[in-house]
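Asker: Let me give you the structure first, and then I'll get to my questions.
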Amino acid sequence: MPTAISKSNSTQRPETTTKRSKSFSQPPPLPVAPPKTTHHIVLDYGFKELASLEDIQTDDTPRPPPTRTHPPPHVSIRLNNNTLTTLPRASVVDVVKGWMRVEFEWVGWLDFSFNGLTAIDEALLMFPNLTTLYLHANNITLLSDVDVLAGLPGLRNLTLHGNPVEQAKGYRHHVIARLPRLRRLDFAGVTKMERSVAKVLEERGKKRGQTGEGVDGGGA
């Protein structure tokens, strides 16, 4: 007779219990705020026959409304093709902050081209975030005037062509040496070679004791 197999002799698998970890519901992600875009304001006073900055206040151009934006706006001011000869500091303050209702830190672009300016005025240093400055087609004669603009560390684009200063010996290299952060001068990109030459000529000028009258040699 066949031997009966008892249940006690059979291999029994141990009973396993699966422990499930407690799952905690994650809070929904916070909504991502859209990036704040900078508002761009263009104030155009070109071709107004302005003989002084104060003339803007009597011009028929509507006065800009008060600006209250965050982040602060990027402001461009066009004063090209007028008859301005000087930029008195007091006038700049009165017109920009008073009439235009603009903070100096907001201004990144200034166009004074095609006027009668005879010098690069220190009043421009009141615009600490200026990146572009157009001064072409004026009557600026002294190469040493460029040194004033070294006080604008953010300046990247500058025009001076069409001024008598353009004819000075070593004009372009002098400007590049004094403003090493410039990317474009007279609508032409500043090359690595120009930077190298300007640096060499600048050092040579210092050794000869030259101060403020430009880099000698190297051509325009």
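Ordering of the structure tokens sets the chain letters (A, B, ...), residue numbers begin anew at 1 in every chain, and ligands are numbered from 1 in the order given.
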Write out as a list in words which residues come within 9 Å of segment 113-121 of chain A when counting only C-alpha atoms, dropping same-chain ones fewer than 5 positions away.

Answerer: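 Surrounding residues, per the criterion: Arg78, Leu79, Asn80, Asn81, Asn82, Thr83, Leu84, Thr85, Thr86, Leu87, Pro88, Arg89, Leu133, Tyr134, Leu135, His136, Ala137, Asn138, Asn139, Ile140, Thr141, Leu142, Asp145, Val146, Val148, Leu149, Thr159, Leu160 and Gly162 of chain A.
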
Asker: In Å, how far is it from atom CA of Gly108 of chain A to atom CA of Thr132 of chain A?

Answerer: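 Computed distance, atom CA of Gly108 of chain A to atom CA of Thr132 of chain A, equals 6.4 Å.
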
Asker: Determine which residues of segment 122-187 of chain A DSSP labels as strand (DSSP E or B) from the backbone of this structure, then write them out as a PyMOL selection string.

Answerer: chain A and resi 132-134+157-159+184-185

Asker: For the selection you just gave me, I'd like the residues written to a file as an mmCIF file, in the first residue's frame, keeping C-alpha atoms.

Answerer:
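Final file, selection39.cif:
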data_model
loop_
_atom_site.group_PDB
_atom_site.id
_atom_site.type_symbol
_atom_site.label_atom_id
_atom_site.label_comp_id
_atom_site.auth_asym_id
_atom_site.auth_seq_id
_atom_site.Cartn_x
_atom_site.Cartn_y
_atom_site.Cartn_z
ATOM 1 C CA THR A 132 25.099 103.348 -24.835
ATOM 2 C CA LEU A 133 26.130 106.940 -25.551
ATOM 3 C CA TYR A 134 25.935 108.598 -28.959
ATOM 4 C CA ASN A 157 28.744 101.414 -26.932
ATOM 5 C CA LEU A 158 30.161 104.850 -27.761
ATOM 6 C CA THR A 159 30.205 107.023 -30.863
ATOM 7 C CA ARG A 184 31.719 98.982 -29.937
ATOM 8 C CA LEU A 185 33.261 102.319 -30.890
#
